[in-house]
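Below is one structure, written out as C-alpha cells, with a few remarks after it.
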Amino acid sequence: MTQKELQVQRLVKEAQEAYLRLHTRRHFLKESAMGLGALAMGSLLGGCGGNSNAIAPVAFDPAHPLLPKPPQFAGKAKSVIYLHMAGAPSQLELFDYKPELMKMDGQDCPPSLLAGKKFAFISGVPKMLGPQARFAQHGESRTWVSENLPHFSTVVDEVSFLKAVTTDQFNHAPAQLLMHTGSPRLGRPSMGSWVTYGLGTENQNLPGFVVLTSGGSFPDAGKSVWGSGFLPSVYQGVQCRSEGDPVLFIKDPNGMSRDLRKASIETINEANRQEYAEYNDPEILSRISQYEMAYRMQITAPEVMNINDEPSYIHEMYGTQPGKSCFANNVLLARKLVEKGVRYVQLFDWGWDAHGDSPNNAVNIGLINKCRTIDKAITALLLDLKQRGLLEETLVVWGGEFGRTPMMENRNGINAPFKGRDHHTEAFTIWMAGGGIKPGYTYGETDEIGYSAVSGKTDAFDIQATILNQLGFNHEQFTYYFQGRPFRLTDVGGKVIRDIIA
Amino acid sequence: MFLSVSGLMGRFHPILVHLPIGILLLACFFQWLSIKERFALLRPAIPVMLFWGVLSGIFSCLTGYMLSLSADYDADLVEQHQWLGILSVTASLIFYLLYKFSFNEKMARWFSLGIIVLITITGHLGGSLTHGSDYLTSALHNNQEGPALKPIPNIQEAALYPGVVQPLLQARCYSCHGPEKQKGKLRLDQQNFILKGGKDGVALIAGKADESEMIRRILLPVSNEKHMPPKEKPQLTAEEIALLHWWINTGADFNKKIKDLPQTEKIKPVLIALQSGNVKKEENAMPDQQVAKADETIVSRLKKAGVIVGPVAQNSNYLSANFVNANADSLITLLEPLKEQLLWLKLDHAAINDAAMPVIGKLTTLTKLQLSNTLVTDQGIAALQSLHHLASLNLTGTKVTAKGIERLKPLKALRYLYLYQTDVKNQEWTSLQKAFPATRLDSGKYIVASLPTDTMIVKPPPKKM
C-alpha cells in the first residue's frame with residue numbers, strides 16, 4: 001500500500017466516524033451523557049419552579065371559562081370597583097395637605113429638587129406652586145381633605161388612604177398600563193382579567209369584567225389597559241357604552257322569536273365546535289361561550305344595565321344625569337353590577353391632567369369642576385354599598401396613574417398661562433375602602449412639600465398585591481404559564497400592604 | 001489602626017472557621033474508615049489532613065479572638081466557645097504529633113472520637129452566637145412571622161410591662177439585643193439594661209416617646225440603615241408600635257397595671273383589639289375545625305340547577321352558595337344535607353318566603369346570610385335563632401320589623417345586621433341597638449345632601465384687555 005492509499009483510507013475512516021457521530025444512537029448517547037443527565041436530574045428535582053408548598057394552578061375549563069372557582073384562601077372581598085381618574089388628579093389639591101408648600105409659593109424651585117430628575121414637561125427652573133385649595137380635618141380619623149371634595153370628606157372614616165404611592169412612569173399610557181397590567185408596555189393581562197381568570201364570576205348571565213368610561217375620552221393607554229394579554233381572550237374587559245343603552249342590540253330584531261334566536265346561536269356554536277374539533281384553538285371555545293353569554297345577557301342585561309329604574313332618591317344621592325354620558329351614571333351602574341354578582345368593574349374618568357395650559361386644565365378651575373362631577377358619586381357609592389351590606393365584600397379603589405409636582409408647570413421654560421402642575425412620579429395618593437380594608441386610616445407620608453415619599457412608600461405592585469390578597473390570592477403564587485415561564489400580575493415586585501388591612 | 005485591622009480580620013472568622021471543621025472532621029472519619037481493609041490506603045492521608053486542619057484551626061482561633069474584641073456578643077457564651085475552640089485545636093495537634101512520633105491505634109481512635117465531639121459542641125456554640133440560641137428550635141414552633149402578642153383575656157387588669165411590652169420586646173428585639181447578643185451594646189431583656197441604653201446613649205426617655213431613640217429608630221423608613229428591626233427581620237405592626245409608644249409616654253413603668261395608666265383615645269382600640277384576640281378577624285373568618293367533604297351528588301345537583309356553589313377556598317371543604325342564577329324556592333331543601341359545610345349563603349332577590357326559613361334555620365354552620373329583597377317576614381326569621389355562628393345577616397329590603405328582629409337576640413356571634421329599607425320605625429332604633437350591644441346595626445337611608453356648589457361651574461377670570 002502506498003503512502004497515498006493509506007492516507008485515503010484514513011480519510012475515509014475519519015469521514016465514516018464523523019458520519020456515525022452525527023447519526024448513531026450510540027454516539028448520540030455517549031456525547032450527550034452529561035447534558036441528558038443534567039436534564040433528567042432537573043426534572044427529578046422538580047425544575048425551577050420546584051416548590052414543595054406550591055399552590056395548584058388555576059384550573060382553566062375552556063368550555064365554562066367564567067364559572068366561579070375557589071380562591072387560594074378565603075378572601076374578604078368578592079368583587080372590585082376600581083375608579084381610575086385618567087390623567088392623574090393632583091394630590092396636593094385633594095388629600096396631601098402641605099402648608100409648608102404655601103410658604104414657598106412663587107419662589108424658584110430649589111436645585112436639590114431638580115438635580116438628576118426628569119419631568120414630562122418642566123424644564124429649567126420652575127416656580128413652586130402652593131396648594132390651590134383650603135384643607136380641613138374630617139371625621140374621627142381627623143383626615144385632611146380639601147374643600148374640593150365636600151361630600152367625600154364626610155365618609156373619610158370608611159377609607160384607607162395611601163399617601164406615598166410612587167411609580168416609575170411619567171407618561172399617561174405607560175403609567176396606566178403599569179397600574180392595571182403590572183407592566184408599562186403593552187401585552188400583559190389587566191388586573192380585571194387576572195381576577196376573572198382566577199375567580200370566574202358569580203352571575204353567569206353577565207360578563208365578569210365590565211369597563212365603563214366617562215369624561216369624553218378613553219384612557220391614554222387605550223383598550224390594552226383592560227385587555228387580557230396572554231390570558232384567554234374571554235377574560236378581557238367588556239366595555240359598555242356610557243351613553244344611551246349600555247349594550248346595543250339587546251332586544252331581538254322585529255320578527256325574530258326567542259326560539260329562533262336560540263336555534264340560530266345553537267347552529268353557529270355547533271359550527272364553531274366542529275371548527276374547534278379540527279383546529280383545537282381555545283379561542284374558538286371563547287367565541288362559543290361569548291355567543292352563549294350574549295344570548296343569556298339578553299334576559300338579564302336590560303334590567304341590570306339600566307339605571308333608569310332606580311328610585312329618584314338614589315339618582316339624587318349619586319348626582320346622576322340620566323341619558324348623558326357621565327361618571328356618576330357609571331358609578332351607579334357599577335353598584336348595580338356588583339350587586340348582581342359581577343366580579344370586577346373598572347371605571348375610567350378622563351380629564352384630570354391639570355397642566356395649566358388651559359382653564360379646563362387649571363388646578364384652581366378645571367380641577368374643581370372635575371371634582372364636582374365625582375364628589376357626590378364616590379360618596380354615594382360608599383354609603384350605598386354600605387347600607388346594602390355590600391361594602392363588606394366589595395373593594396373600592398380610587399386613584400390616578402401618578403401624582404402632580406409641587407412645582408408650577410413651565411413647559412418649554414415658559415410659565416403655564418393658568419395654575420397647573422406637571423406629572424410627578426415620586427408621591428401621590430390612592431385610597432381604598434371596603435373588602436376588608438381598615439376604615440379611617442392613613443398609611444404613608446410625604447415630605448413637608450409633598451415632593452417625595454418619606455415613609456410607608458408603596459407602588460403599583462403593592463396595590464395589585466393587596467387587591468389580590470383581599471380577593472384570596474397570594475400574588476406570588478397566582479401565575480399563568482406562557483412562553484416557557486410562569487407570569488404573574490406583580491412581575492417580580494409587590495408586597496401586600498398589611499397596614500391597611502383590617 | 002490596629003483595632004480596625006483586627007476588626008476586619010475578625011470578620012473573616014465565620015468564613016475561615018469552616019476549613020478546620022471540614023478538614024479535621026474528615027480526618028477523624030478517615031481514622032475510623034481505615035479500620036476496614038478496603039480503606040486502609042486512606043491512612044497516609046490522615047496526618048497530612050491533620051497538619052492543615054491544625055494550621056487553619058490556629059488561624060481560626062486568632063481571627064475568632066479578634067472578632068470577640070468587638071464585644072457585641074454574650075461574654076459567657078464567647079468564653080465557652082473560645083476555650084472549646086482552643087481545646088479542639090490542641091487536641092488535633094496532639095493527634096497529629098501522635099501520628100508523627102509514637103503511633104498508637106487505640107489512642108488514635110479515642111482522639112478522633114473526642115475531636116468530633118469537641119468540634120460539634122464548639123460549632124453549635126458558634127452558631128448560637130451568630131443566629132441566636134433559639135435558632136434551631138424556632139424552626140419547630142415557627143412563630144417568627146405571627147403576631148408577637150397573644151390575646152390577653154382581661155387586659156385592664158394586666159400589667160403593662162410584663163404582660164405586653166416584655167413579650168413584644170422578646171419577639172421582636174431579643175434576638176439581637178438579648179442575653180446572647182448585644183448589638184450596639186444594647187440589651188433589652190431586663191429593666192436595668194433597658195434603662196442603661198447602648199453605644200449611642202439611652203434607648204428611651206420616660207414620658208417622651210417621640211424623643212426616645214427606640215421609637216425614633218422604629219419609625220424610620222424601612223430602607224434606612226438605622227431602622228429597627230432590620231428590614232430582613234419581622235417588623236412591628238402599627239398597633240405594636242402604638243403600644244410601645246404609649247408605654248414610654250406613660251413613664252416606661254415596669255410594674256403598673258394597664259388600668260392605672262392614663263389611656264389615650266389612640267390606644268383604647270388597640271387595647272380592645274388585644275383583649276379579644278383580633279375582633280376584626282371574626283366576621284368572614286374561617287372556622288378553626290376541619291369538616292368532611294360535602295356530598296358530591298347534592299353539590300352537582302345544585303350546580304346543574306344553576307346554583308353557584310363551591311368551596312370558599314382551595315383545600316377547604318366549607319362551601320358558599322349563591323342563587324343569583326337559580327330558582328331558589330324549589331332548591332332550598334337541597335341545602336339541608338350540606339349544613340356542616342355551608343358557610344356563606346346568598347339569597348338576595350330570590351323568590352323565597354317564610355316557608356324556606358325553617359330549612360335555613362337548620363344550616364347551623366352559616367356565618368354569613370343574605371336574605372335581602374326577599375319576601376321573608378318576622379314570622380320567618382324567628383327560625384333563624386338557631387344559627388349560632390352567624391356573624392353577618394342582611395335583611396335589607398324585607399318586611400321585617402323591630403319586633404321580629406328582637407327575636408334574633410340569641411345570635412351572640414352576630415356582628416353586622418343590615419336593616420336598610422325594612423319596616424323598622426325611626427323611633428325603634430335606639431331600643432333595637434340596646435338589644436344588640438355587640439352588633440353593628442345598619443339602618444341605611446344615608447343621604448348625600450346636594451350643595452349649591454355641586455352643579456356650579458368655576459369659570460376662568462375674564463381676560464384683561
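Ordering of the C-alpha cells sets the chain letters (A, B, ...); residue numbers start at 1 within each chain; ligands are numbered from 1 in the order shown.
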**Request:** Would you give me, as a ChimeraX atom specification, the residues of chain B that come within 9 Å of chain A, using only C-alpha atoms?
**Result:** /B:219-222,237-238,280-281,284-286,306,308-316,322,324-325,370,372,392-397,416-420,442-451,453-460
Keeping only C-alpha atoms, take the residues you just selected and write them out as a short mmCIF file (atom, residue, chain, number, x, y, z; two decimals), in the first residue's frame.
```cif
data_model
loop_
_atom_site.label_atom_id
_atom_site.label_comp_id
_atom_site.auth_asym_id
_atom_site.auth_seq_id
_atom_site.Cartn_x
_atom_site.Cartn_y
_atom_site.Cartn_z
CA LEU B 219 -40.34 54.84 62.87
CA LEU B 220 -37.50 55.43 60.41
CA PRO B 221 -38.27 54.22 56.86
CA VAL B 222 -37.52 50.53 56.48
CA THR B 237 -47.20 46.35 63.35
CA ALA B 238 -48.77 49.77 63.78
CA LYS B 280 -61.79 42.32 63.11
CA LYS B 281 -60.95 38.79 62.17
CA ASN B 284 -65.60 36.25 57.35
CA ALA B 285 -63.05 34.21 59.25
CA MET B 286 -62.83 30.52 58.63
CA GLY B 306 -77.73 26.88 38.14
CA ILE B 308 -73.29 28.83 42.16
CA VAL B 309 -71.94 26.50 44.83
CA GLY B 310 -68.36 25.64 45.61
CA PRO B 311 -65.58 25.66 48.19
CA VAL B 312 -64.82 29.02 49.82
CA ALA B 313 -61.13 28.38 49.17
CA GLN B 314 -58.85 25.80 47.65
CA ASN B 315 -58.13 22.96 50.10
CA SER B 316 -61.24 23.81 52.08
CA ASN B 322 -75.32 31.86 45.60
CA VAL B 324 -78.32 34.55 41.58
CA ASN B 325 -78.97 32.38 38.52
CA GLN B 370 -78.03 37.41 52.72
CA SER B 372 -82.09 40.96 51.22
CA SER B 392 -73.46 38.84 59.22
CA LEU B 393 -77.15 38.93 58.37
CA ASN B 394 -78.55 41.03 55.57
CA LEU B 395 -82.31 41.73 55.73
CA THR B 396 -82.25 44.82 53.51
CA GLY B 397 -85.47 45.39 51.59
CA TYR B 416 -73.36 43.01 61.26
CA LEU B 417 -77.09 43.36 60.77
CA TYR B 418 -78.25 45.22 57.69
CA LEU B 419 -81.74 46.67 58.01
CA TYR B 420 -81.97 49.25 55.25
CA ASP B 442 -77.04 49.50 59.72
CA SER B 443 -80.25 51.42 59.21
CA GLY B 444 -79.14 52.78 55.85
CA LYS B 445 -81.10 55.71 54.40
CA TYR B 446 -77.87 57.63 54.00
CA ILE B 447 -78.26 60.94 52.30
CA VAL B 448 -75.73 62.85 50.30
CA ALA B 449 -77.41 66.24 50.50
CA SER B 450 -76.90 68.45 47.50
CA LEU B 451 -74.78 71.54 47.92
CA THR B 453 -71.63 74.19 44.58
CA ASP B 454 -72.34 70.71 43.22
CA THR B 455 -73.66 71.99 39.95
CA MET B 456 -71.80 75.30 39.81
CA ILE B 457 -69.04 75.60 37.27
CA VAL B 458 -65.91 77.56 38.08
CA LYS B 459 -65.07 79.88 35.18
CA PRO B 460 -61.69 81.39 34.38
#
```
**Request:** Within segment 200-355 of chain B, find each residue whose DSSP state, derived from the backbone, is strand (DSSP E or B), and express the selection as an MDAnalysis selection string.
**Result:** chainID B and resid 201 257 308:311 319:322 342:346
**Prompt:** Which residues, written as a ChimeraX atom specification, have at least one atom at most 12 Å from Leu468 of chain A, with only C-alpha atoms counted and residues fewer than 6 positions away on the same chain left out?
**Reply:** /A:71-80,191-196,198-199,344,395,435-436,461-462,474-479,488-490,494-497
**Exercise: segment 407-409 of chain B partners within 8 Å, only C-alpha atoms, chain neighbours under 3 positions left out, as number ranges by chain** = B: 381-382, 384-385, 403-404, 412, 435-436
**Item:** Surrounding residues of Thr143 of chain A excluding itself and chain neighbours under 3 positions, 10 Å, only C-alpha atoms, as a list in words
**Value:** Phe95, Asp96, Tyr97, Phe135, Ala136, Gln137, His138, Gly139, Glu140, Ser146, Ser153, Val156, Asp157, Val159, Phe161, Gly440, Tyr441 and Thr442 of chain A
Using C-alpha atoms, can you export the residues from the last selection as a short mmCIF file (atom, residue, chain, number, x, y, z; two decimals), in the first residue's frame?
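The file below, selection_4.cif, is the result:
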```
data_model
loop_
_atom_site.label_atom_id
_atom_site.label_comp_id
_atom_site.auth_asym_id
_atom_site.auth_seq_id
_atom_site.Cartn_x
_atom_site.Cartn_y
_atom_site.Cartn_z
CA PHE A 95 -55.64 64.87 50.06
CA ASP A 96 -51.98 65.71 50.71
CA TYR A 97 -52.13 68.87 52.84
CA PHE A 135 -57.97 71.99 53.69
CA ALA A 136 -59.71 70.86 56.85
CA GLN A 137 -59.65 67.77 59.03
CA HIS A 138 -62.65 65.48 58.84
CA GLY A 139 -64.19 62.53 60.60
CA GLU A 140 -62.98 60.72 63.69
CA SER A 146 -59.61 69.78 50.65
CA SER A 153 -64.88 64.44 53.32
CA VAL A 156 -63.24 59.52 55.20
CA ASP A 157 -63.84 57.22 58.15
CA VAL A 159 -61.45 54.75 53.78
CA PHE A 161 -55.52 56.43 52.31
CA GLY A 440 -60.42 55.59 58.69
CA TYR A 441 -56.71 55.01 58.30
CA THR A 442 -53.81 56.71 56.55
#
```
**Request:** Per DSSP on the backbone, filter segment 18-167 of chain A down to the residues in alpha helix (DSSP H) and report them as a count of residues only.
**Result:** 30
**Request:** Pick out the residues sitting within 7 Å of Glu93 of chain A, and hand them over as a ChimeraX atom specification; count only C-alpha atoms, and ignore anything fewer than 5 positions along from it in its own chain.
**Result:** /A:131-133,146
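When only C-alpha atoms are used to measure the gap to Ala209 of chain B, the shortest distance among B:Pro461, B:Gly251, B:Pro337, B:Gly197 belongs to B:Gly251.
Computed from the coordinates, the atom CA of Val145 of chain A to atom CA of Arg216 of chain B distance equals 27.7 Å.
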Once you count only C-alpha atoms, what closest atom pair and distance in Å to one decimal does each residue of segment 235-351 of chain A within 12 Å of segment 169-182 of chain A have, with rows by chain and rising residue number, as a tab-separated table?
```
residue	atom	partner	partner_atom	distance
A:Gln236	CA	A:Thr181	CA	11.8
A:Gly237	CA	A:His180	CA	11.8
A:Gln346	CA	A:His180	CA	9.9
A:Leu347	CA	A:His180	CA	11.8
A:Phe348	CA	A:Gln176	CA	10.5
A:Trp350	CA	A:His172	CA	11.1
A:Gly351	CA	A:His172	CA	11.7
```
Go ahead and dump the residues you just picked, N, CA and C atoms, as a compact mmCIF listing (two decimals), in the first residue's frame.
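Writing the result to again_32.txt gives the following:
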```txt
# COMPACT_ATOMS: atom_id res chain seq x y z
N GLN A 236 -61.03 39.30 28.85
CA GLN A 236 -60.82 40.73 28.68
C GLN A 236 -62.03 41.52 29.17
N GLY A 237 -61.79 42.78 29.48
CA GLY A 237 -62.86 43.62 29.98
C GLY A 237 -63.92 43.84 28.91
N GLN A 346 -64.43 48.20 36.21
CA GLN A 346 -63.35 49.16 36.04
C GLN A 346 -63.91 50.44 35.43
N LEU A 347 -63.78 51.55 36.15
CA LEU A 347 -64.22 52.83 35.61
C LEU A 347 -63.02 53.69 35.25
N PHE A 348 -63.10 54.36 34.12
CA PHE A 348 -62.10 55.37 33.79
C PHE A 348 -62.82 56.69 33.59
N TRP A 350 -61.90 60.44 32.29
CA TRP A 350 -60.81 61.18 31.66
C TRP A 350 -60.91 62.67 31.99
N GLY A 351 -59.77 63.36 32.03
CA GLY A 351 -59.82 64.82 32.16
C GLY A 351 -59.20 65.37 33.43
```
